[in-house]
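Text of coords03.cif (mmCIF, C-alpha atoms) as supplied:
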data_final
loop_
_atom_site.label_atom_id
_atom_site.label_comp_id
_atom_site.auth_asym_id
_atom_site.auth_seq_id
_atom_site.Cartn_x
_atom_site.Cartn_y
_atom_site.Cartn_z
CA MET T 1 28.46 4.83 39.11
CA ARG T 2 29.47 3.68 42.59
CA THR T 3 29.40 -0.05 43.29
CA GLN T 4 29.71 -2.08 46.48
CA PHE T 5 30.74 -5.55 45.37
CA THR T 6 32.74 -7.59 47.83
CA GLN T 7 36.18 -8.95 47.01
CA ASP T 8 34.73 -12.45 47.00
CA GLN T 9 32.17 -11.39 44.40
CA LEU T 10 34.81 -9.73 42.23
CA ALA T 11 36.72 -13.01 42.14
CA ASP T 12 34.04 -14.08 39.64
CA PRO T 13 35.29 -12.86 36.20
CA ALA T 14 31.75 -12.18 34.97
CA LEU T 15 30.93 -10.03 37.99
CA ALA T 16 34.27 -8.25 37.79
CA ARG T 17 33.58 -7.37 34.17
CA SER T 18 30.06 -6.14 34.90
CA GLU T 19 31.41 -4.02 37.76
CA GLN T 20 33.76 -2.27 35.34
CA ILE T 21 30.88 -1.66 32.92
CA LEU T 22 28.72 -0.24 35.71
CA ARG T 23 31.44 2.16 36.81
CA LYS T 24 31.50 3.76 33.36
CA CYS T 25 27.91 5.01 33.66
CA VAL T 26 27.78 8.73 34.61
CA HIS T 27 23.96 8.91 34.92
CA CYS T 28 23.70 11.45 32.06
CA GLY T 29 20.46 10.00 30.70
CA PHE T 30 21.28 10.49 27.02
CA CYS T 31 20.33 6.83 26.56
CA ASN T 32 16.78 7.48 27.72
CA ALA T 33 16.08 9.65 24.68
CA THR T 34 16.63 6.73 22.31
CA CYS T 35 15.12 3.88 24.36
CA PRO T 36 11.91 2.51 22.77
CA THR T 37 10.40 1.23 26.03
CA TYR T 38 11.05 4.54 27.77
CA MET T 39 9.39 6.34 24.84
CA LEU T 40 6.29 4.18 25.26
CA LEU T 41 6.07 3.87 29.04
CA GLY T 42 7.81 6.97 30.38
CA ASP T 43 9.08 4.96 33.35
CA GLU T 44 12.70 5.47 34.43
CA LEU T 45 12.85 1.80 35.38
CA ASP T 46 12.13 0.94 31.74
CA SER T 47 15.05 3.01 30.50
CA PRO T 48 18.70 1.94 30.08
CA ARG T 49 19.78 4.13 33.00
CA GLY T 50 17.06 2.71 35.21
CA ARG T 51 17.89 -0.85 34.24
CA ILE T 52 21.57 -0.25 34.96
CA TYR T 53 20.70 0.73 38.52
CA GLN T 54 18.50 -2.35 38.89
CA ILE T 55 21.17 -4.64 37.47
CA ARG T 56 23.75 -3.22 39.86
CA ASP T 57 21.49 -3.82 42.86
CA MET T 58 20.55 -7.31 41.67
CA LEU T 59 24.14 -8.39 41.13
CA GLU T 60 25.39 -6.84 44.37
CA GLN T 61 22.69 -8.57 46.40
CA GLY T 62 23.06 -11.89 44.56
CA GLY T 63 20.53 -14.72 44.72
CA ALA T 64 16.94 -14.51 43.56
CA PRO T 65 16.13 -11.14 41.95
CA ASP T 66 13.10 -9.04 42.80
CA PRO T 67 10.21 -9.93 40.43
CA ASP T 68 9.75 -6.27 39.48
CA THR T 69 13.41 -6.11 38.43
CA VAL T 70 12.88 -9.18 36.24
CA THR T 71 9.88 -7.49 34.60
CA HIS T 72 11.81 -4.36 33.71
CA ILE T 73 14.82 -6.27 32.37
CA ASP T 74 12.55 -8.60 30.38
CA ARG T 75 11.07 -5.51 28.71
CA CYS T 76 14.46 -4.53 27.28
CA LEU T 77 14.58 -5.17 23.52
CA SER T 78 18.40 -5.24 23.37
CA CYS T 79 18.07 -2.87 20.40
CA LEU T 80 21.30 -1.23 21.65
CA GLY T 81 20.23 2.24 20.59
CA CYS T 82 21.45 3.30 24.01
CA MET T 83 25.00 2.20 23.16
CA THR T 84 25.00 4.27 19.98
CA THR T 85 23.98 7.31 22.04
CA CYS T 86 26.08 6.78 25.17
CA PRO T 87 28.97 9.30 25.41
CA SER T 88 30.74 7.22 28.07
CA GLY T 89 30.97 3.96 26.14
CA VAL T 90 28.93 1.89 28.59
CA ASP T 91 28.86 -1.70 27.31
CA TYR T 92 25.17 -2.17 28.01
CA MET T 93 24.92 -5.20 25.69
CA HIS T 94 27.17 -7.42 27.79
CA LEU T 95 25.78 -6.01 31.04
CA VAL T 96 22.17 -6.89 30.21
CA ASP T 97 23.30 -10.30 28.91
CA HIS T 98 24.90 -10.97 32.32
CA ALA T 99 21.70 -9.83 34.01
CA ARG T 100 19.65 -12.25 31.94
CA SER T 101 21.93 -15.16 32.72
CA HIS T 102 21.68 -14.31 36.42
CA ILE T 103 17.88 -14.24 36.16
CA ALA T 104 17.85 -17.56 34.30
CA ALA T 105 19.92 -19.13 37.08
CA HIS T 106 18.12 -17.65 40.10
CA HIS T 107 14.56 -16.70 39.15
CA LYS T 108 11.66 -19.14 39.03
CA ARG T 109 9.28 -18.16 36.25
CA PRO T 110 5.60 -19.21 35.98
CA TRP T 111 5.36 -22.54 34.19
CA ARG T 112 3.62 -21.11 31.11
CA ILE T 113 6.32 -18.51 30.52
CA LYS T 114 9.06 -21.00 31.27
CA GLY T 115 7.51 -23.49 28.84
CA THR T 116 7.21 -20.87 26.10
CA ARG T 117 10.86 -19.91 26.44
CA LYS T 118 12.00 -23.54 26.35
CA LEU T 119 9.84 -24.19 23.29
CA LEU T 120 11.43 -21.25 21.50
CA ARG T 121 14.88 -22.62 22.20
CA LEU T 122 13.89 -26.10 21.02
CA LEU T 123 12.38 -24.87 17.74
CA THR T 124 15.39 -22.78 16.79
CA ASP T 125 17.85 -25.48 17.79
CA LYS T 126 16.06 -28.04 15.59
CA GLU T 127 15.53 -26.34 12.24
CA PRO T 128 13.51 -29.23 10.69
CA LEU T 129 11.19 -29.07 13.70
CA PHE T 130 10.68 -25.35 13.12
CA ARG T 131 9.80 -25.97 9.47
CA LEU T 132 7.29 -28.60 10.55
CA THR T 133 5.84 -26.21 13.13
CA VAL T 134 5.41 -23.52 10.48
CA GLY T 135 3.51 -25.93 8.25
CA LEU T 136 1.28 -27.12 11.07
CA GLY T 137 0.80 -23.52 12.19
CA ARG T 138 -0.83 -22.63 8.88
CA LEU T 139 -3.18 -25.59 9.17
CA VAL T 140 -4.29 -25.10 12.79
CA ARG T 141 -4.57 -21.29 12.89
CA PRO T 142 -8.39 -21.48 13.14
CA LEU T 143 -7.90 -23.17 16.53
CA ALA T 144 -5.73 -20.35 17.87
CA PRO T 145 -8.46 -18.65 19.97
CA MET T 146 -8.73 -21.79 22.12
CA LEU T 147 -5.02 -21.78 23.01
CA PRO T 148 -3.07 -19.82 25.66
CA PRO T 149 -1.95 -16.34 24.48
CA PRO T 150 1.74 -17.28 23.97
CA LEU T 151 0.77 -20.19 21.71
CA GLN T 152 -1.69 -17.97 19.84
CA ARG T 153 1.15 -15.61 19.14
CA MET T 154 3.40 -18.43 17.96
CA LEU T 155 0.74 -19.62 15.54
CA ARG T 156 0.36 -16.09 14.21
CA VAL T 157 4.09 -15.93 13.45
CA ALA T 158 4.24 -19.48 12.11
CA GLY T 159 1.29 -18.80 9.85
CA LYS T 160 3.40 -16.37 7.81
CA GLY T 161 5.47 -19.20 6.34
CA ALA T 162 4.65 -21.79 3.71
CA ILE T 163 2.54 -24.87 4.52
CA VAL T 164 5.19 -27.03 2.87
CA SER T 165 8.63 -25.56 3.42
CA PRO T 166 11.53 -27.33 1.67
CA ALA T 167 14.74 -28.04 3.53
CA PRO T 168 17.25 -25.22 3.06
CA PRO T 169 19.87 -25.78 0.36
CA ARG T 170 23.23 -27.18 1.50
CA GLY T 171 26.57 -27.64 -0.18
CA CYS T 172 28.70 -25.46 -2.45
CA PHE T 173 27.11 -23.17 -5.06
CA ARG T 174 29.72 -22.21 -7.61
CA ALA T 175 30.27 -18.74 -9.02
CA GLU T 176 29.44 -17.94 -12.62
CA GLY T 177 32.72 -17.44 -14.41
CA GLU T 178 35.86 -16.56 -12.48
CA THR T 179 35.71 -16.99 -8.69
CA ARG T 180 36.50 -13.74 -6.87
CA LEU T 181 35.67 -14.89 -3.34
CA ARG T 182 34.60 -17.98 -1.45
CA VAL T 183 32.18 -17.43 1.46
CA VAL T 184 30.11 -19.37 3.93
CA LEU T 185 26.49 -18.26 4.20
CA LEU T 186 24.61 -18.65 7.48
CA SER T 187 21.36 -20.33 6.48
CA GLY T 188 19.56 -19.43 9.70
CA CYS T 189 17.08 -21.38 11.79
CA VAL T 190 13.91 -19.34 11.18
CA GLN T 191 14.50 -17.68 7.82
CA PRO T 192 14.46 -20.83 5.62
CA ALA T 193 10.93 -21.61 6.77
CA LEU T 194 9.48 -18.10 6.96
CA ALA T 195 11.20 -16.57 3.91
CA PRO T 196 13.21 -19.08 1.83
CA ASP T 197 13.41 -16.62 -1.09
CA ILE T 198 15.98 -14.56 0.84
CA ASN T 199 18.67 -17.25 0.83
CA ALA T 200 17.84 -18.18 -2.75
CA ALA T 201 18.27 -14.56 -3.87
CA THR T 202 21.50 -14.26 -1.86
CA ILE T 203 23.02 -17.31 -3.54
CA ARG T 204 21.97 -16.12 -7.00
CA ILE T 205 23.39 -12.62 -6.73
CA LEU T 206 26.65 -13.75 -5.15
CA ASN T 207 27.15 -16.47 -7.77
CA ARG T 208 26.32 -13.97 -10.52
CA PHE T 209 29.14 -11.68 -9.45
CA GLY T 210 31.84 -14.24 -8.86
CA VAL T 211 31.36 -15.59 -5.35
CA ASP T 212 31.30 -19.27 -4.37
CA VAL T 213 28.69 -19.78 -1.64
CA ILE T 214 28.96 -22.64 0.85
CA ILE T 215 26.23 -23.69 3.28
CA PRO T 216 27.62 -26.52 5.43
CA GLU T 217 25.34 -29.37 6.38
CA ALA T 218 26.29 -29.24 10.06
CA ALA T 219 25.76 -25.49 10.58
CA GLY T 220 22.64 -24.34 12.41
CA CYS T 221 21.27 -21.64 14.70
CA CYS T 222 23.80 -18.93 15.57
CA GLY T 223 22.85 -19.18 19.25
CA ALA T 224 21.55 -15.61 19.62
CA LEU T 225 18.07 -16.53 20.80
CA SER T 226 19.31 -18.89 23.53
CA HIS T 227 21.90 -16.34 24.60
CA HIS T 228 19.40 -13.50 24.92
CA LEU T 229 17.04 -15.74 26.88
CA GLY T 230 19.81 -16.07 29.45
CA GLU T 231 20.70 -19.65 28.44
CA VAL T 232 24.33 -18.80 27.78
CA GLU T 233 25.74 -22.35 27.74
CA ALA T 234 23.09 -23.54 25.29
CA GLY T 235 23.89 -20.59 23.04
CA LYS T 236 27.62 -21.29 23.27
CA ALA T 237 27.03 -24.91 22.24
CA GLN T 238 25.20 -23.74 19.12
CA ALA T 239 27.94 -21.23 18.34
CA ALA T 240 30.70 -23.83 18.83
CA ALA T 241 28.92 -26.21 16.44
CA ASN T 242 28.86 -23.48 13.77
CA ILE T 243 32.51 -22.59 14.23
CA ALA T 244 33.45 -26.25 13.80
CA ALA T 245 31.22 -26.63 10.72
CA TRP T 246 32.63 -23.52 9.07
CA ARG T 247 36.23 -24.55 9.71
CA ALA T 248 35.47 -27.97 8.26
CA ALA T 249 34.08 -26.24 5.15
CA ALA T 250 37.42 -24.48 4.70
CA THR T 251 39.15 -27.86 4.82
CA GLN T 252 36.75 -29.35 2.27
CA TYR T 253 36.38 -26.48 -0.21
CA GLY T 254 39.43 -24.28 0.36
CA PRO T 255 40.09 -21.02 2.25
CA ILE T 256 37.00 -19.04 3.27
CA ASP T 257 37.09 -15.27 2.79
CA HIS T 258 34.03 -14.37 4.85
CA ILE T 259 31.18 -15.68 6.98
CA VAL T 260 28.22 -13.92 5.36
CA THR T 261 24.95 -13.17 7.12
CA ASN T 262 21.77 -11.88 5.52
CA ILE T 263 20.07 -11.88 8.94
CA SER T 264 21.47 -8.87 10.75
CA GLY T 265 20.44 -10.16 14.18
CA CYS T 266 22.55 -13.26 13.64
CA GLY T 267 25.37 -11.18 12.19
CA SER T 268 25.50 -9.06 15.33
CA HIS T 269 25.78 -12.16 17.50
CA ILE T 270 28.39 -13.89 15.33
CA GLY T 271 30.46 -10.73 15.44
CA ASP T 272 30.55 -11.18 19.22
CA TYR T 273 31.72 -14.83 19.15
CA GLY T 274 35.22 -13.78 20.18
CA ASP T 275 33.90 -12.21 23.36
CA LEU T 276 31.57 -15.14 24.00
CA PHE T 277 34.51 -17.58 24.08
CA ALA T 278 37.12 -15.21 25.53
CA ASP T 279 37.57 -17.39 28.63
CA ASP T 280 37.63 -20.68 26.72
CA PRO T 281 41.23 -21.51 25.72
CA ASN T 282 40.04 -24.34 23.46
CA CYS T 283 37.83 -22.14 21.32
CA ALA T 284 38.92 -18.52 21.85
CA ARG T 285 41.20 -18.26 18.81
CA ASP T 286 38.79 -19.91 16.36
CA ALA T 287 35.90 -17.84 17.71
CA THR T 288 37.84 -14.59 17.38
CA GLU T 289 38.84 -15.40 13.80
CA THR T 290 35.24 -16.30 12.95
CA ALA T 291 33.95 -13.05 14.40
CA ALA T 292 36.55 -11.04 12.49
CA SER T 293 35.61 -12.70 9.19
CA SER T 294 31.85 -12.16 9.55
CA ILE T 295 30.23 -9.60 7.25
CA ASP T 296 26.70 -8.44 6.47
CA ILE T 297 25.45 -9.14 2.97
CA ALA T 298 25.10 -5.42 2.18
CA ASP T 299 28.72 -4.73 3.07
CA LEU T 300 29.88 -7.66 0.93
CA LEU T 301 27.75 -6.63 -2.06
CA ALA T 302 29.15 -3.11 -1.78
CA ARG T 303 32.59 -4.58 -2.55
CA LEU T 304 31.43 -6.39 -5.69
CA PRO T 305 31.02 -4.88 -9.20
CA LEU T 306 27.23 -4.95 -9.17
CA GLU T 307 25.47 -3.69 -12.27
CA GLN T 308 21.84 -3.22 -13.16
CA ARG T 309 20.83 -5.84 -15.71
CA THR T 310 17.03 -5.72 -15.58
CA ALA T 311 16.19 -3.38 -18.46
CA THR T 312 12.49 -3.20 -17.55
CA LEU T 313 13.05 -2.35 -13.88
CA PRO T 314 10.19 0.01 -12.93
CA ALA T 315 10.73 3.18 -10.89
CA LEU T 316 9.95 2.12 -7.34
CA ASN T 317 9.99 4.15 -4.16
CA VAL T 318 11.60 1.97 -1.49
CA ALA T 319 11.20 2.84 2.19
CA TYR T 320 14.22 1.41 3.97
CA HIS T 321 13.94 0.17 7.55
CA ALA T 322 17.36 -0.17 9.18
CA PRO T 323 17.40 -3.11 11.64
CA CYS T 324 18.69 -2.25 15.10
CA SER T 325 21.04 -5.21 14.99
CA LEU T 326 22.70 -3.65 11.94
CA GLN T 327 22.81 0.06 12.79
CA HIS T 328 23.38 -0.34 16.55
CA GLY T 329 24.59 -3.89 17.09
CA GLN T 330 27.07 -3.95 14.19
CA GLN T 331 27.41 -0.17 13.85
CA ARG T 332 26.93 -0.50 10.10
CA LYS T 333 25.05 2.27 8.31
CA GLY T 334 24.55 3.41 4.75
CA ALA T 335 25.59 0.39 2.68
CA ALA T 336 22.08 -0.92 2.03
CA GLU T 337 20.66 2.49 1.15
CA THR T 338 23.55 3.24 -1.22
CA LEU T 339 23.24 -0.12 -2.97
CA LEU T 340 19.51 0.31 -3.54
CA GLN T 341 20.05 3.79 -4.99
CA GLU T 342 22.90 2.66 -7.23
CA MET T 343 20.75 -0.16 -8.59
CA GLY T 344 17.94 2.18 -9.66
CA PHE T 345 15.59 2.46 -6.69
CA SER T 346 14.48 5.66 -5.00
CA VAL T 347 15.21 5.27 -1.29
CA LEU T 348 13.09 6.90 1.40
CA LEU T 349 13.94 6.96 5.11
CA PRO T 350 11.20 7.15 7.76
CA ARG T 351 11.08 9.34 10.84
CA GLU T 352 12.63 7.76 13.94
CA SER T 353 14.67 5.46 11.75
CA HIS T 354 16.93 4.78 14.76
CA VAL T 355 14.03 3.35 16.83
CA CYS T 356 13.29 -0.39 17.01
CA CYS T 357 10.27 -1.82 15.20
CA GLY T 358 9.54 -4.16 18.12
CA ALA T 359 10.51 -7.48 16.52
CA ALA T 360 13.77 -8.03 18.46
CA GLY T 361 14.01 -11.79 18.05
CA SER T 362 11.75 -13.50 20.56
CA TYR T 363 10.47 -10.18 21.92
CA THR T 364 7.40 -10.23 19.70
CA LEU T 365 6.36 -13.50 21.38
CA LEU T 366 7.39 -12.72 24.95
CA GLN T 367 6.36 -9.04 25.12
CA PRO T 368 3.49 -8.89 22.60
CA GLU T 369 1.82 -5.69 23.82
CA LEU T 370 4.96 -3.55 23.67
CA SER T 371 6.05 -5.23 20.44
CA ASP T 372 2.73 -4.40 18.76
CA ARG T 373 2.83 -0.78 19.94
CA LEU T 374 6.32 -0.31 18.53
CA ARG T 375 5.30 -1.94 15.25
CA ALA T 376 2.28 0.36 14.92
CA ARG T 377 4.52 3.38 15.51
CA LYS T 378 7.02 2.21 12.89
CA GLN T 379 4.30 1.33 10.38
CA GLU T 380 2.79 4.80 10.75
CA HIS T 381 6.12 6.41 9.83
CA LEU T 382 6.58 4.03 6.89
CA ARG T 383 3.08 4.65 5.51
CA ALA T 384 3.68 8.40 5.68
CA LEU T 385 6.31 7.99 2.95
CA THR T 386 3.72 6.43 0.56
CA PRO T 387 6.28 3.90 -0.71
CA ASP T 388 5.78 1.11 -3.20
CA VAL T 389 7.71 -1.39 -1.11
CA ILE T 390 9.46 -1.64 2.26
CA ALA T 391 13.00 -3.05 2.37
CA THR T 392 15.01 -4.23 5.35
CA GLY T 393 17.92 -6.51 6.18
CA ASN T 394 16.54 -8.80 8.87
CA VAL T 395 13.85 -11.47 8.52
CA GLY T 396 12.48 -10.73 12.00
CA CYS T 397 11.82 -7.10 11.09
CA GLN T 398 10.45 -8.20 7.71
CA THR T 399 7.79 -10.59 9.02
CA HIS T 400 6.94 -8.31 11.96
CA LEU T 401 6.41 -5.18 9.85
CA ALA T 402 4.44 -7.02 7.16
CA ASP T 403 1.69 -7.87 9.64
CA GLY T 404 -1.23 -5.58 8.77
CA LEU T 405 0.84 -3.13 6.72
CA HIS T 406 -0.77 -3.94 3.31
CA LEU T 407 2.52 -3.20 1.57
CA PRO T 408 5.12 -5.68 0.30
CA VAL T 409 8.03 -5.99 2.74
CA LEU T 410 11.18 -7.49 1.23
CA HIS T 411 14.77 -8.15 2.15
CA ILE T 412 17.13 -5.78 0.32
CA VAL T 413 18.85 -8.72 -1.36
CA GLN T 414 15.59 -9.68 -3.09
CA LEU T 415 15.41 -6.24 -4.73
CA LEU T 416 19.12 -6.18 -5.58
CA ASP T 417 18.95 -9.68 -7.09
CA TRP T 418 16.00 -8.63 -9.25
CA ALA T 419 17.72 -5.43 -10.42
CA SER T 420 20.87 -7.33 -11.36
CA GLY T 421 19.12 -9.93 -13.49
CA GLY T 422 17.29 -12.21 -11.07
CA PRO T 423 13.56 -12.98 -10.96
CA ARG T 424 11.02 -10.40 -9.91
CA PRO T 425 10.04 -10.97 -6.26
CA PRO T 426 6.60 -12.63 -6.21
CA GLU T 427 5.38 -10.08 -3.67
CA LEU T 428 5.68 -7.44 -6.41
CA ALA T 429 3.75 -9.44 -9.00
CA ARG T 430 0.63 -7.37 -8.36
CA PRO T 431 -0.25 -4.26 -6.35
CA PRO T 432 -0.98 -5.04 -2.68
CA ALA T 433 -4.53 -4.76 -1.40
CA ASN T 434 -5.67 -1.16 -0.76
CA GLN T 435 -2.23 0.20 -1.69
CA PRO T 436 -1.69 0.50 -5.48
CA MET T 437 1.81 0.85 -6.89
CA HIS T 438 2.85 4.38 -7.74
CA GLU T 439 3.42 5.27 -11.35
CA LYS T 440 5.68 8.25 -10.67
CA GLY T 441 9.41 8.05 -11.17
CA PRO T 442 12.13 8.24 -8.57
CA GLN T 443 12.06 11.22 -6.24
CA ALA T 444 15.03 13.51 -5.90
#

Encoded form (structure tokens):
Amino acid sequence: MRTQFTQDQLADPALARSEQILRKCVHCGFCNATCPTYMLLGDELDSPRGRIYQIRDMLEQGGAPDPDTVTHIDRCLSCLGCMTTCPSGVDYMHLVDHARSHIAAHHKRPWRIKGTRKLLRLLTDKEPLFRLTVGLGRLVRPLAPMLPPPLQRMLRVAGKGAIVSPAPPRGCFRAEGETRLRVVLLSGCVQPALAPDINAATIRILNRFGVDVIIPEAAGCCGALSHHLGEVEAGKAQAAANIAAWRAAATQYGPIDHIVTNISGCGSHIGDYGDLFADDPNCARDATETAASSIDIADLLARLPLEQRTATLPALNVAYHAPCSLQHGQQRKGAAETLLQEMGFSVLLPRESHVCCGAAGSYTLLQPELSDRLRARKQEHLRALTPDVIATGNVGCQTHLADGLHLPVLHIVQLLDWASGGPRPPELARPPANQPMHEKGPQA
């Protein structure tokens, strides 16, 4: 792609980097075939190729962007399916991140949208506040119709958590028997309130197979949500706090083998910490080491000697939804499916398994219409498999897909913990409404 940046503009390292990314694009359009918004809207401006052109024009012109350009960039899910498909290696992830930071700095949003975005940042930055919001959300849901649409949507999401959500566990959880590894587990900012069983199952299964698990008191949000809202400095502050907390844990408890994430969206962002701090001499080395040591829970479990210990494990057909942040963001495929099969489950994969479900972090709140359409499309493909349960590796996908599906939707670690001797997930205690459990055995 041809660009026309001035030498003064290219003196800015961020612009110089984006210019190099832009020049890699050869306009082939392969990315359009895998873009969820292009599939739904059929508009070139809502495709990766179309957004690349708009980003180029916006950055070349500088200053306040055209409102239509903002609309089309806001519609991007950052699912990164386009990067998996691109034959030229266009780094669309960092390009669209730069575009969002430019928009945040130069575009004046309507006060309601601006307020919603700031509230999202505040809630994820203050995990106790988010837990309180979830509890209140359950209590005040009947009042939702009287509130503005963004707040209605927030209450709908918050209402999926518990009314009383305990504080997430902190400290060191020792392995049973000999210690094979010592890891730090990212607790998350949303997951402890919406689905606390995920972290509990993660700690149990890791301890069971010889892994010390540490959750430092000072660790918090990974910074992904702030970053993808264009608030780069706020996201970097959250990331820096985590890096410091995790290094302090190594001093207190001994060397750390891995930073483990059971939230694939967070894992994708932590894996990019080195790039995030590349221009910061005070933090670059620590950030790069942190990124290199990060690992998804499925990849870590695949290295452990897991064994099925639940003798009465029923034959269940599990439809696996691969989160975009795992298969595209981290370029990790196959580990979760293999683990589920090895532990006695029959794994089914839906059509369009490479296409986003529409959760995409804050996308479900900021782009509700498109998010709902993508969810309906994904749910249709999942139902077609007639599974007993849906499994995924990201709490955002989990809560998003569960809405109206009438099937239990679990994190893979909940099923793996159960199969290896942990408690049966409460969601499987009885058949879901209008969707009885199958009695047939595993399918070939």

- Task: Report as a PyMOL selection string the residues that result from applying the PyMOL selection byres ((chain T and resi 357-360) around 9) to the structure here.
- Result: chain T and resi 36+77-79+265+321+323-325+355-356+361-365+368+370-379+396-401

Using only C-alpha atoms, please write the residues we just selected to a file, as a tab-separated table (two decimals), keeping the file's coordinate frame.
chain	number	residue	atom	x	y	z
T	36	PRO	CA	11.91	2.51	22.77
T	77	LEU	CA	14.58	-5.17	23.52
T	78	SER	CA	18.40	-5.24	23.37
T	79	CYS	CA	18.07	-2.87	20.40
T	265	GLY	CA	20.44	-10.16	14.18
T	321	HIS	CA	13.94	0.17	7.55
T	323	PRO	CA	17.40	-3.11	11.64
T	324	CYS	CA	18.69	-2.25	15.10
T	325	SER	CA	21.04	-5.21	14.99
T	355	VAL	CA	14.03	3.35	16.83
T	356	CYS	CA	13.29	-0.39	17.01
T	361	GLY	CA	14.01	-11.79	18.05
T	362	SER	CA	11.75	-13.50	20.56
T	363	TYR	CA	10.47	-10.18	21.92
T	364	THR	CA	7.40	-10.23	19.70
T	365	LEU	CA	6.36	-13.50	21.38
T	368	PRO	CA	3.49	-8.89	22.60
T	370	LEU	CA	4.96	-3.55	23.67
T	371	SER	CA	6.05	-5.23	20.44
T	372	ASP	CA	2.73	-4.40	18.76
T	373	ARG	CA	2.83	-0.78	19.94
T	374	LEU	CA	6.32	-0.31	18.53
T	375	ARG	CA	5.30	-1.94	15.25
T	376	ALA	CA	2.28	0.36	14.92
T	377	ARG	CA	4.52	3.38	15.51
T	378	LYS	CA	7.02	2.21	12.89
T	379	GLN	CA	4.30	1.33	10.38
T	396	GLY	CA	12.48	-10.73	12.00
T	397	CYS	CA	11.82	-7.10	11.09
T	398	GLN	CA	10.45	-8.20	7.71
T	399	THR	CA	7.79	-10.59	9.02
T	400	HIS	CA	6.94	-8.31	11.96
T	401	LEU	CA	6.41	-5.18	9.85

Is it possible to get the residues within 6 Å of (33.2, -14.3, 13.4) (coordinates as in the file, counting only C-alpha atoms) written as a PDB file with C-alpha atoms, in the coordinates of the input?
ATOM      1  CA  ILE T 270      28.390 -13.890  15.330  1.00  0.00           C
ATOM      2  CA  GLY T 271      30.460 -10.730  15.440  1.00  0.00           C
ATOM      3  CA  TYR T 273      31.720 -14.830  19.150  1.00  0.00           C
ATOM      4  CA  GLU T 289      38.840 -15.400  13.800  1.00  0.00           C
ATOM      5  CA  THR T 290      35.240 -16.300  12.950  1.00  0.00           C
ATOM      6  CA  ALA T 291      33.950 -13.050  14.400  1.00  0.00           C
ATOM      7  CA  ALA T 292      36.550 -11.040  12.490  1.00  0.00           C
ATOM      8  CA  SER T 293      35.610 -12.700   9.190  1.00  0.00           C
ATOM      9  CA  SER T 294      31.850 -12.160   9.550  1.00  0.00           C
TER      10      SER T 294
END

- Message: I'd like the contact shell of Thr69 in chain T - 9 Å cut-off, only C-alpha atoms, skipping same-chain residues fewer than 4 positions apart - returned as a PyMOL selection string.
- Response: chain T and resi 45+51+54-55+58+65+73-74

Take the residues that were just selected and, keeping C-alpha atoms, output them as a CSV table (one decimal), in the frame of the given file.
chain,number,residue,atom,x,y,z
T,45,LEU,CA,12.8,1.8,35.4
T,51,ARG,CA,17.9,-0.8,34.2
T,54,GLN,CA,18.5,-2.4,38.9
T,55,ILE,CA,21.2,-4.6,37.5
T,58,MET,CA,20.6,-7.3,41.7
T,65,PRO,CA,16.1,-11.1,42.0
T,73,ILE,CA,14.8,-6.3,32.4
T,74,ASP,CA,12.6,-8.6,30.4

Sphere at (24.4, -22.6, 17.8), radius 12 Å, counting only C-alpha atoms: residues as an mmCIF file with C-alpha atoms, in the frame of the given file:
data_model
loop_
_atom_site.group_PDB
_atom_site.id
_atom_site.type_symbol
_atom_site.label_atom_id
_atom_site.label_comp_id
_atom_site.auth_asym_id
_atom_site.auth_seq_id
_atom_site.Cartn_x
_atom_site.Cartn_y
_atom_site.Cartn_z
ATOM 1 C CA ARG T 121 14.880 -22.620 22.200
ATOM 2 C CA LEU T 122 13.890 -26.100 21.020
ATOM 3 C CA THR T 124 15.390 -22.780 16.790
ATOM 4 C CA ASP T 125 17.850 -25.480 17.790
ATOM 5 C CA LYS T 126 16.060 -28.040 15.590
ATOM 6 C CA GLU T 127 15.530 -26.340 12.240
ATOM 7 C CA LEU T 186 24.610 -18.650 7.480
ATOM 8 C CA SER T 187 21.360 -20.330 6.480
ATOM 9 C CA GLY T 188 19.560 -19.430 9.700
ATOM 10 C CA CYS T 189 17.080 -21.380 11.790
ATOM 11 C CA ALA T 218 26.290 -29.240 10.060
ATOM 12 C CA ALA T 219 25.760 -25.490 10.580
ATOM 13 C CA GLY T 220 22.640 -24.340 12.410
ATOM 14 C CA CYS T 221 21.270 -21.640 14.700
ATOM 15 C CA CYS T 222 23.800 -18.930 15.570
ATOM 16 C CA GLY T 223 22.850 -19.180 19.250
ATOM 17 C CA ALA T 224 21.550 -15.610 19.620
ATOM 18 C CA LEU T 225 18.070 -16.530 20.800
ATOM 19 C CA SER T 226 19.310 -18.890 23.530
ATOM 20 C CA HIS T 227 21.900 -16.340 24.600
ATOM 21 C CA GLU T 231 20.700 -19.650 28.440
ATOM 22 C CA VAL T 232 24.330 -18.800 27.780
ATOM 23 C CA GLU T 233 25.740 -22.350 27.740
ATOM 24 C CA ALA T 234 23.090 -23.540 25.290
ATOM 25 C CA GLY T 235 23.890 -20.590 23.040
ATOM 26 C CA LYS T 236 27.620 -21.290 23.270
ATOM 27 C CA ALA T 237 27.030 -24.910 22.240
ATOM 28 C CA GLN T 238 25.200 -23.740 19.120
ATOM 29 C CA ALA T 239 27.940 -21.230 18.340
ATOM 30 C CA ALA T 240 30.700 -23.830 18.830
ATOM 31 C CA ALA T 241 28.920 -26.210 16.440
ATOM 32 C CA ASN T 242 28.860 -23.480 13.770
ATOM 33 C CA ILE T 243 32.510 -22.590 14.230
ATOM 34 C CA ALA T 244 33.450 -26.250 13.800
ATOM 35 C CA ALA T 245 31.220 -26.630 10.720
ATOM 36 C CA CYS T 266 22.550 -13.260 13.640
ATOM 37 C CA HIS T 269 25.780 -12.160 17.500
ATOM 38 C CA ILE T 270 28.390 -13.890 15.330
ATOM 39 C CA TYR T 273 31.720 -14.830 19.150
#
